[in-house]
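Next up, final04.pdb (PDB, C-alpha atoms):
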ATOM      1  CA  MET A  11       0.000   0.000   0.000  1.00  0.00           C
ATOM      2  CA  GLN A  12       1.158   3.521  -0.678  1.00  0.00           C
ATOM      3  CA  CYS A  13       0.105   6.695   1.071  1.00  0.00           C
ATOM      4  CA  LEU A  14      -0.206   9.830  -0.970  1.00  0.00           C
ATOM      5  CA  PHE A  15      -0.359  13.536  -0.332  1.00  0.00           C
ATOM      6  CA  GLN A  16      -1.022  15.882  -3.161  1.00  0.00           C
ATOM      7  CA  MET A  17      -0.556  19.613  -3.141  1.00  0.00           C
ATOM      8  CA  THR A  18       0.396  22.447  -5.420  1.00  0.00           C
ATOM      9  CA  LYS A  19       0.005  26.062  -4.299  1.00  0.00           C
ATOM     10  CA  LYS A  20      -2.699  24.913  -1.876  1.00  0.00           C
ATOM     11  CA  LYS A  21      -5.318  24.792  -4.665  1.00  0.00           C
ATOM     12  CA  ILE A  22      -6.317  21.157  -5.230  1.00  0.00           C
ATOM     13  CA  PRO A  23      -9.570  20.823  -7.186  1.00  0.00           C
ATOM     14  CA  ILE A  24     -11.254  17.458  -6.681  1.00  0.00           C
ATOM     15  CA  TRP A  25     -14.671  16.473  -7.956  1.00  0.00           C
ATOM     16  CA  ARG A  26     -17.139  14.035  -6.397  1.00  0.00           C
ATOM     17  CA  GLN A  27     -16.292  15.000  -2.819  1.00  0.00           C
ATOM     18  CA  GLN A  28     -18.795  14.703   0.017  1.00  0.00           C
ATOM     19  CA  ALA A  29     -18.231  18.331   1.032  1.00  0.00           C
ATOM     20  CA  CYS A  30     -19.508  19.521  -2.385  1.00  0.00           C
ATOM     21  CA  LEU A  31     -23.227  19.228  -2.999  1.00  0.00           C
ATOM     22  CA  GLU A  32     -22.896  19.880  -6.737  1.00  0.00           C
ATOM     23  CA  PRO A  33     -21.125  16.877  -8.380  1.00  0.00           C
ATOM     24  CA  GLU A  34     -20.354  18.845 -11.536  1.00  0.00           C
ATOM     25  CA  ASN A  35     -18.267  21.304  -9.494  1.00  0.00           C
ATOM     26  CA  PRO A  36     -15.043  20.608  -7.629  1.00  0.00           C
ATOM     27  CA  ILE A  37     -14.149  21.499  -4.101  1.00  0.00           C
ATOM     28  CA  VAL A  38     -10.724  23.127  -3.804  1.00  0.00           C
ATOM     29  CA  TRP A  39      -8.694  21.691  -0.915  1.00  0.00           C
ATOM     30  CA  ASP A  40      -5.463  23.154   0.449  1.00  0.00           C
ATOM     31  CA  TYR A  41      -4.151  19.566   0.445  1.00  0.00           C
ATOM     32  CA  HIS A  42      -5.717  16.118   0.294  1.00  0.00           C
ATOM     33  CA  VAL A  43      -4.710  12.631   1.394  1.00  0.00           C
ATOM     34  CA  ILE A  44      -5.497   9.498  -0.582  1.00  0.00           C
ATOM     35  CA  PHE A  45      -4.275   5.919  -0.312  1.00  0.00           C
ATOM     36  CA  VAL A  46      -3.504   3.516  -3.144  1.00  0.00           C
ATOM     37  CA  ARG A  47      -3.336  -0.231  -2.782  1.00  0.00           C
ATOM     38  CA  CYS A  48      -1.778  -2.182  -5.620  1.00  0.00           C
ATOM     39  CA  ARG A  49      -3.428  -5.519  -6.279  1.00  0.00           C
ATOM     40  CA  ASP A  50      -3.067  -8.160  -8.983  1.00  0.00           C
ATOM     41  CA  CYS A  51      -6.439  -7.102 -10.380  1.00  0.00           C
ATOM     42  CA  GLY A  52      -5.549  -3.395 -10.427  1.00  0.00           C
ATOM     43  CA  SER A  53      -4.908  -0.478  -8.114  1.00  0.00           C
ATOM     44  CA  GLU A  54      -7.568   0.573  -5.637  1.00  0.00           C
ATOM     45  CA  LEU A  55      -7.747   4.129  -4.390  1.00  0.00           C
ATOM     46  CA  TYR A  56      -9.117   5.036  -0.956  1.00  0.00           C
ATOM     47  CA  ASP A  57     -10.418   8.569  -0.380  1.00  0.00           C
ATOM     48  CA  LEU A  58     -12.336   9.130   2.862  1.00  0.00           C
ATOM     49  CA  ASP A  59     -14.046  12.196   1.361  1.00  0.00           C
ATOM     50  CA  THR A  60     -15.243  10.790  -1.958  1.00  0.00           C
ATOM     51  CA  GLN A  61     -18.777  10.184  -3.219  1.00  0.00           C
ATOM     52  CA  LEU A  62     -17.331   7.451  -5.458  1.00  0.00           C
ATOM     53  CA  PRO A  63     -17.113   3.796  -4.352  1.00  0.00           C
ATOM     54  CA  PHE A  64     -14.790   3.026  -1.457  1.00  0.00           C
ATOM     55  CA  PRO A  65     -12.338   1.745  -2.494  1.00  0.00           C
ATOM     56  CA  CYS A  66     -12.473   3.035  -6.053  1.00  0.00           C
ATOM     57  CA  GLU A  67     -10.667   1.656  -9.082  1.00  0.00           C
ATOM     58  CA  LEU A  68      -7.747   4.015  -9.755  1.00  0.00           C
ATOM     59  CA  ASN A  69      -8.616   4.972 -13.342  1.00  0.00           C
ATOM     60  CA  LYS A  70     -12.268   5.646 -12.437  1.00  0.00           C
ATOM     61  CA  TYR A  71     -11.161   7.920  -9.604  1.00  0.00           C
ATOM     62  CA  VAL A  72      -8.716   9.802 -11.835  1.00  0.00           C
ATOM     63  CA  GLU A  73     -11.357  10.304 -14.554  1.00  0.00           C
ATOM     64  CA  GLU A  74     -14.209  11.350 -12.249  1.00  0.00           C
ATOM     65  CA  ALA A  75     -12.559  12.974  -9.241  1.00  0.00           C
ATOM     66  CA  LEU A  76      -9.145  14.279 -10.314  1.00  0.00           C
ATOM     67  CA  CYS A  77      -9.616  14.938 -14.044  1.00  0.00           C
ATOM     68  CA  TYR A  78      -6.519  15.235 -16.173  1.00  0.00           C
ATOM     69  CA  ASP A  79      -4.421  18.387 -16.063  1.00  0.00           C
ATOM     70  CA  ASP A  80      -5.107  19.299 -19.701  1.00  0.00           C
ATOM     71  CA  LYS A  81      -8.677  20.117 -18.575  1.00  0.00           C
ATOM     72  CA  LEU A  82      -7.484  22.497 -15.834  1.00  0.00           C
ATOM     73  CA  GLU A  83      -6.006  25.955 -15.693  1.00  0.00           C
ATOM     74  CA  ALA A  84      -2.249  25.772 -15.041  1.00  0.00           C
ATOM     75  CA  LYS A  85      -2.644  27.135 -11.486  1.00  0.00           C
ATOM     76  CA  TYR A  86      -4.723  24.066 -10.546  1.00  0.00           C
ATOM     77  CA  ARG A  87      -2.380  21.369 -11.855  1.00  0.00           C
ATOM     78  CA  ARG A  88      -1.496  18.924  -9.124  1.00  0.00           C
ATOM     79  CA  SER A  89       1.668  17.290  -7.912  1.00  0.00           C
ATOM     80  CA  PHE A  90       1.692  14.199  -5.738  1.00  0.00           C
ATOM     81  CA  ARG A  91       4.010  13.228  -2.936  1.00  0.00           C
ATOM     82  CA  VAL A  92       4.065   9.429  -2.998  1.00  0.00           C
ATOM     83  CA  ILE A  93       5.049   8.014   0.377  1.00  0.00           C
ATOM     84  CA  PRO A  94       5.109   4.394   1.548  1.00  0.00           C
ATOM     85  CA  ALA A  95       2.244   3.962   4.014  1.00  0.00           C
ATOM     86  CA  VAL A  96       4.504   2.609   6.769  1.00  0.00           C
ATOM     87  CA  LEU A  97       6.709   5.704   6.589  1.00  0.00           C
ATOM     88  CA  TYR A  98       3.671   8.002   6.635  1.00  0.00           C
ATOM     89  CA  LEU A  99       2.256   6.266   9.701  1.00  0.00           C
ATOM     90  CA  GLU A 100       5.596   6.490  11.513  1.00  0.00           C
ATOM     91  CA  LYS A 101       6.484  10.083  10.664  1.00  0.00           C
ATOM     92  CA  PHE A 102       3.386  12.213  10.019  1.00  0.00           C
ATOM     93  CA  ALA A 103       2.169  14.621  12.716  1.00  0.00           C
ATOM     94  CA  SER A 104      -0.360  17.469  12.688  1.00  0.00           C
ATOM     95  CA  ASP A 105      -1.492  19.643  15.562  1.00  0.00           C
ATOM     96  CA  ARG A 106      -4.226  21.131  13.311  1.00  0.00           C
ATOM     97  CA  SER A 107      -2.762  24.623  13.524  1.00  0.00           C
ATOM     98  CA  HIS A 108      -3.311  24.944   9.750  1.00  0.00           C
ATOM     99  CA  MET A 109      -7.060  24.894  10.466  1.00  0.00           C
ATOM    100  CA  LEU A 110      -6.979  28.037  12.637  1.00  0.00           C
ATOM    101  CA  ASP A 111      -7.693  31.569  11.480  1.00  0.00           C
ATOM    102  CA  ASP A 112      -5.562  34.568  12.503  1.00  0.00           C
ATOM    103  CA  ASP A 113      -7.446  34.800  15.807  1.00  0.00           C
ATOM    104  CA  GLY A 114      -6.744  31.166  16.691  1.00  0.00           C
ATOM    105  CA  ILE A 115     -10.307  30.007  15.984  1.00  0.00           C
ATOM    106  CA  PHE A 116     -11.017  26.920  13.869  1.00  0.00           C
ATOM    107  CA  ARG A 117     -12.286  27.861  10.380  1.00  0.00           C
ATOM    108  CA  THR A 118     -14.391  24.675  10.368  1.00  0.00           C
ATOM    109  CA  ASP A 119     -15.037  22.126  13.075  1.00  0.00           C
ATOM    110  CA  PRO A 120     -11.941  19.975  13.573  1.00  0.00           C
ATOM    111  CA  PRO A 121     -12.172  16.184  13.481  1.00  0.00           C
ATOM    112  CA  THR A 122     -13.429  14.595  16.687  1.00  0.00           C
ATOM    113  CA  TYR A 123     -10.447  12.251  16.974  1.00  0.00           C
ATOM    114  CA  PRO A 124      -7.222  13.367  18.699  1.00  0.00           C
ATOM    115  CA  CYS A 125      -4.458  15.140  16.787  1.00  0.00           C
ATOM    116  CA  ILE A 126      -2.004  12.818  15.054  1.00  0.00           C
ATOM    117  CA  THR A 127       1.403  13.171  16.664  1.00  0.00           C
ATOM    118  CA  THR A 128       4.467  11.064  17.341  1.00  0.00           C
ATOM    119  CA  PRO A 129       6.493  10.990  20.568  1.00  0.00           C
ATOM    120  CA  GLU A 130       9.076  13.254  18.892  1.00  0.00           C
ATOM    121  CA  ILE A 131       6.960  15.414  16.562  1.00  0.00           C
ATOM    122  CA  GLN A 132       3.848  17.545  17.162  1.00  0.00           C
ATOM    123  CA  ASN A 133       3.514  19.028  13.683  1.00  0.00           C
ATOM    124  CA  ASN A 134       5.328  18.417  10.392  1.00  0.00           C
ATOM    125  CA  LEU A 135       2.428  18.798   7.962  1.00  0.00           C
ATOM    126  CA  GLU A 136       4.316  21.342   5.859  1.00  0.00           C
ATOM    127  CA  ASP A 137       7.067  18.794   5.169  1.00  0.00           C
ATOM    128  CA  PHE A 138       4.447  16.431   3.754  1.00  0.00           C
ATOM    129  CA  ILE A 139       2.582  18.934   1.591  1.00  0.00           C
ATOM    130  CA  ASN A 140       5.664  20.767   0.345  1.00  0.00           C
ATOM    131  CA  MET A 141       6.363  19.814  -3.268  1.00  0.00           C
ATOM    132  CA  ASP A 142      10.088  20.498  -3.112  1.00  0.00           C
ATOM    133  CA  PRO A 143      11.773  17.093  -3.636  1.00  0.00           C
ATOM    134  CA  ALA A 144      14.519  18.091  -1.180  1.00  0.00           C
ATOM    135  CA  VAL A 145      11.969  18.434   1.645  1.00  0.00           C
ATOM    136  CA  GLY A 146      10.119  15.651   3.413  1.00  0.00           C
ATOM    137  CA  TYR A 147       9.618  12.024   2.470  1.00  0.00           C
ATOM    138  CA  GLY A 148       8.788  10.144  -0.697  1.00  0.00           C
ATOM    139  CA  GLU A 149       8.799  11.035  -4.374  1.00  0.00           C
ATOM    140  CA  ILE A 150       7.153  14.018  -6.106  1.00  0.00           C
ATOM    141  CA  VAL A 151       5.296  13.095  -9.315  1.00  0.00           C
ATOM    142  CA  THR A 152       2.883  14.651 -11.795  1.00  0.00           C
ATOM    143  CA  LEU A 153      -0.644  13.284 -12.233  1.00  0.00           C
ATOM    144  CA  ARG A 154       0.356  11.385 -15.386  1.00  0.00           C
ATOM    145  CA  LYS A 155       3.361   9.809 -13.655  1.00  0.00           C
ATOM    146  CA  PHE A 156       1.169   8.967 -10.650  1.00  0.00           C
ATOM    147  CA  VAL A 157      -1.325   7.114 -12.868  1.00  0.00           C
ATOM    148  CA  SER A 158       1.456   5.398 -14.807  1.00  0.00           C
ATOM    149  CA  LYS A 159       3.244   4.367 -11.605  1.00  0.00           C
ATOM    150  CA  PHE A 160       0.218   2.638 -10.119  1.00  0.00           C
ATOM    151  CA  ASN A 161      -1.097   1.189 -13.374  1.00  0.00           C
ATOM    152  CA  SER A 162       2.319  -0.343 -14.073  1.00  0.00           C
ATOM    153  CA  ALA A 163       2.468  -1.639 -10.478  1.00  0.00           C
ATOM    154  CA  LYS A 164      -0.415  -4.006 -11.180  1.00  0.00           C
ATOM    155  CA  THR A 165       1.411  -5.309 -14.280  1.00  0.00           C
ATOM    156  CA  LYS A 166       4.540  -5.966 -12.183  1.00  0.00           C
ATOM    157  CA  ASN A 167       2.471  -7.844  -9.577  1.00  0.00           C
ATOM    158  CA  ARG A 168       1.366 -10.453 -12.122  1.00  0.00           C
TER     159      ARG A 168
END
Structure encoded using structure tokens:
Amino acid sequence: MQCLFQMTKKKIPIWRQQACLEPENPIVWDYHVIFVRCRDCGSELYDLDTQLPFPCELNKYVEEALCYDDKLEAKYRRSFRVIPAVLYLEKFASDRSHMLDDDGIFRTDPPTYPCITTPEIQNNLEDFINMDPAVGYGEIVTLRKFVSKFNSAKTKNR
């Protein structure tokens, strides 16, 4: 299984999200987390916020939720930080400070579960959503490389 963060300029349009009541329109996230599991029968994508099936076949998700970059304005083109799930689970931490406004008040209700931290780290979200390859963990890829990577993974598994 792989864990993925995607982010470019904190403008990530994704369609078919539960937070958007109009399926023909995207919601624009500042970042978004998805998981991909490579299987012999194809790659499955897990998105906790999607209206699509859970899990969803990778190509269906890309077509209906991500859309290809050639359909988007340049400022909305996405990059992906591909991180092995084990590494993500060991290293990621967020104190939810990114959800606060300038007065220290949550912009929207925070999740009901506790903040994700490690014994050593309280917050390193920026390292995970930064698209500089020299920062953080994993590999930075374009949408096309992301699709190719996980479509070819199922071929290698056979």
Apply the PyMOL selection byres ((chain A and resi 76) around 12) to the structure shown and report the selected residues as a PyMOL selection string.
chain A and resi 16+22-27+35-39+42+44+55+57+60+62+68-75+77-82+86-90+153-154+156-157
Residues from last step as file, C-alpha atoms, as a CSV table (one decimal), keeping the file's coordinate frame:
chain,number,residue,atom,x,y,z
A,16,GLN,CA,-1.0,15.9,-3.2
A,22,ILE,CA,-6.3,21.2,-5.2
A,23,PRO,CA,-9.6,20.8,-7.2
A,24,ILE,CA,-11.3,17.5,-6.7
A,25,TRP,CA,-14.7,16.5,-8.0
A,26,ARG,CA,-17.1,14.0,-6.4
A,27,GLN,CA,-16.3,15.0,-2.8
A,35,ASN,CA,-18.3,21.3,-9.5
A,36,PRO,CA,-15.0,20.6,-7.6
A,37,ILE,CA,-14.1,21.5,-4.1
A,38,VAL,CA,-10.7,23.1,-3.8
A,39,TRP,CA,-8.7,21.7,-0.9
A,42,HIS,CA,-5.7,16.1,0.3
A,44,ILE,CA,-5.5,9.5,-0.6
A,55,LEU,CA,-7.7,4.1,-4.4
A,57,ASP,CA,-10.4,8.6,-0.4
A,60,THR,CA,-15.2,10.8,-2.0
A,62,LEU,CA,-17.3,7.5,-5.5
A,68,LEU,CA,-7.7,4.0,-9.8
A,69,ASN,CA,-8.6,5.0,-13.3
A,70,LYS,CA,-12.3,5.6,-12.4
A,71,TYR,CA,-11.2,7.9,-9.6
A,72,VAL,CA,-8.7,9.8,-11.8
A,73,GLU,CA,-11.4,10.3,-14.6
A,74,GLU,CA,-14.2,11.4,-12.2
A,75,ALA,CA,-12.6,13.0,-9.2
A,77,CYS,CA,-9.6,14.9,-14.0
A,78,TYR,CA,-6.5,15.2,-16.2
A,79,ASP,CA,-4.4,18.4,-16.1
A,80,ASP,CA,-5.1,19.3,-19.7
A,81,LYS,CA,-8.7,20.1,-18.6
A,82,LEU,CA,-7.5,22.5,-15.8
A,86,TYR,CA,-4.7,24.1,-10.5
A,87,ARG,CA,-2.4,21.4,-11.9
A,88,ARG,CA,-1.5,18.9,-9.1
A,89,SER,CA,1.7,17.3,-7.9
A,90,PHE,CA,1.7,14.2,-5.7
A,153,LEU,CA,-0.6,13.3,-12.2
A,154,ARG,CA,0.4,11.4,-15.4
A,156,PHE,CA,1.2,9.0,-10.6
A,157,VAL,CA,-1.3,7.1,-12.9
Identify all residues satisfying the PyMOL selection byres ((chain A and resi 123-138) around 8) in the given file; provide them as a PyMOL selection string.
chain A and resi 15+91+100-106+121-122+139-140+145-147
Which is closest to Glu149 in chain A among A:Cys66, A:Ile115, A:Ile93, A:Met109, if we use only C-alpha atoms?
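Checking each of A:Cys66, A:Ile115, A:Ile93, A:Met109 against Glu149 in chain A, counting only C-alpha atoms, the winner is A:Ile93.
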By how many Å are CA of Pro63 in chain A and CA of Lys85 in chain A apart?
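Rounded to one decimal, the two atoms are 28.4 Å apart.
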One decimal, in Å: what's the spacing between CA of Ala29 in chain A and CA of Gln61 in chain A?
9.2 Å
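Taking CA of His108 in chain A and CA of Lys21 in chain A as the two end points, the separation is 14.6 Å.
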Restricting to only C-alpha atoms, whichever of A:Phe45, A:Ser53, A:Lys20, A:Asn161 is closest to Tyr98 in chain A is A:Phe45
Nearest to Val151 in chain A among A:Pro120, A:Val92, A:Phe64, A:Cys51, with distances taken over only C-alpha atoms: which residue is it?
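Closest to Val151 in chain A, using only C-alpha atoms: A:Val92.
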Take range 103-119 of chain A, model N, CA, C and O atoms, and hand the result over as a tab-separated table (two decimals), in the coordinates of the input.
chain	number	residue	atom	x	y	z
A	103	ALA	N	2.76	14.02	11.52
A	103	ALA	CA	2.17	14.62	12.72
A	103	ALA	C	1.51	15.94	12.35
A	103	ALA	O	2.04	16.72	11.55
A	104	SER	N	0.33	16.19	12.91
A	104	SER	CA	-0.36	17.47	12.69
A	104	SER	C	-1.09	17.89	13.96
A	104	SER	O	-1.90	17.14	14.50
A	105	ASP	N	-0.81	19.10	14.39
A	105	ASP	CA	-1.49	19.64	15.56
A	105	ASP	C	-2.73	20.45	15.17
A	105	ASP	O	-3.36	21.08	16.00
A	106	ARG	N	-3.07	20.44	13.89
A	106	ARG	CA	-4.23	21.13	13.31
A	106	ARG	C	-4.11	22.65	13.31
A	106	ARG	O	-5.09	23.36	13.09
A	107	SER	N	-2.93	23.17	13.52
A	107	SER	CA	-2.76	24.62	13.52
A	107	SER	C	-3.09	25.23	12.16
A	107	SER	O	-3.47	26.39	12.08
A	108	HIS	N	-2.98	24.45	11.09
A	108	HIS	CA	-3.31	24.94	9.75
A	108	HIS	C	-4.81	25.21	9.59
A	108	HIS	O	-5.23	25.87	8.66
A	109	MET	N	-5.61	24.72	10.53
A	109	MET	CA	-7.06	24.89	10.47
A	109	MET	C	-7.54	26.14	11.21
A	109	MET	O	-8.72	26.45	11.21
A	110	LEU	N	-6.62	26.87	11.84
A	110	LEU	CA	-6.98	28.04	12.64
A	110	LEU	C	-6.90	29.31	11.81
A	110	LEU	O	-6.04	29.46	10.95
A	111	ASP	N	-7.79	30.26	12.12
A	111	ASP	CA	-7.69	31.57	11.48
A	111	ASP	C	-6.69	32.43	12.26
A	111	ASP	O	-6.06	31.96	13.21
A	112	ASP	N	-6.54	33.68	11.87
A	112	ASP	CA	-5.56	34.57	12.50
A	112	ASP	C	-5.84	34.81	13.98
A	112	ASP	O	-4.95	35.20	14.73
A	113	ASP	N	-7.08	34.62	14.40
A	113	ASP	CA	-7.45	34.80	15.81
A	113	ASP	C	-7.36	33.51	16.62
A	113	ASP	O	-7.75	33.48	17.78
A	114	GLY	N	-6.88	32.43	15.99
A	114	GLY	CA	-6.74	31.17	16.69
A	114	GLY	C	-8.03	30.38	16.82
A	114	GLY	O	-8.14	29.47	17.64
A	115	ILE	N	-9.01	30.69	15.96
A	115	ILE	CA	-10.31	30.01	15.98
A	115	ILE	C	-10.38	29.07	14.77
A	115	ILE	O	-9.98	29.46	13.67
A	116	PHE	N	-10.90	27.86	14.97
A	116	PHE	CA	-11.02	26.92	13.87
A	116	PHE	C	-11.93	27.47	12.78
A	116	PHE	O	-13.03	27.95	13.08
A	117	ARG	N	-11.48	27.41	11.52
A	117	ARG	CA	-12.29	27.86	10.38
A	117	ARG	C	-13.50	26.96	10.19
A	117	ARG	O	-14.56	27.42	9.79
A	118	THR	N	-13.31	25.66	10.39
A	118	THR	CA	-14.39	24.68	10.37
A	118	THR	C	-14.16	23.75	11.56
A	118	THR	O	-13.07	23.71	12.13
A	119	ASP	N	-15.18	23.02	11.93
A	119	ASP	CA	-15.04	22.13	13.08
A	119	ASP	C	-13.92	21.13	12.80
A	119	ASP	O	-13.88	20.51	11.74
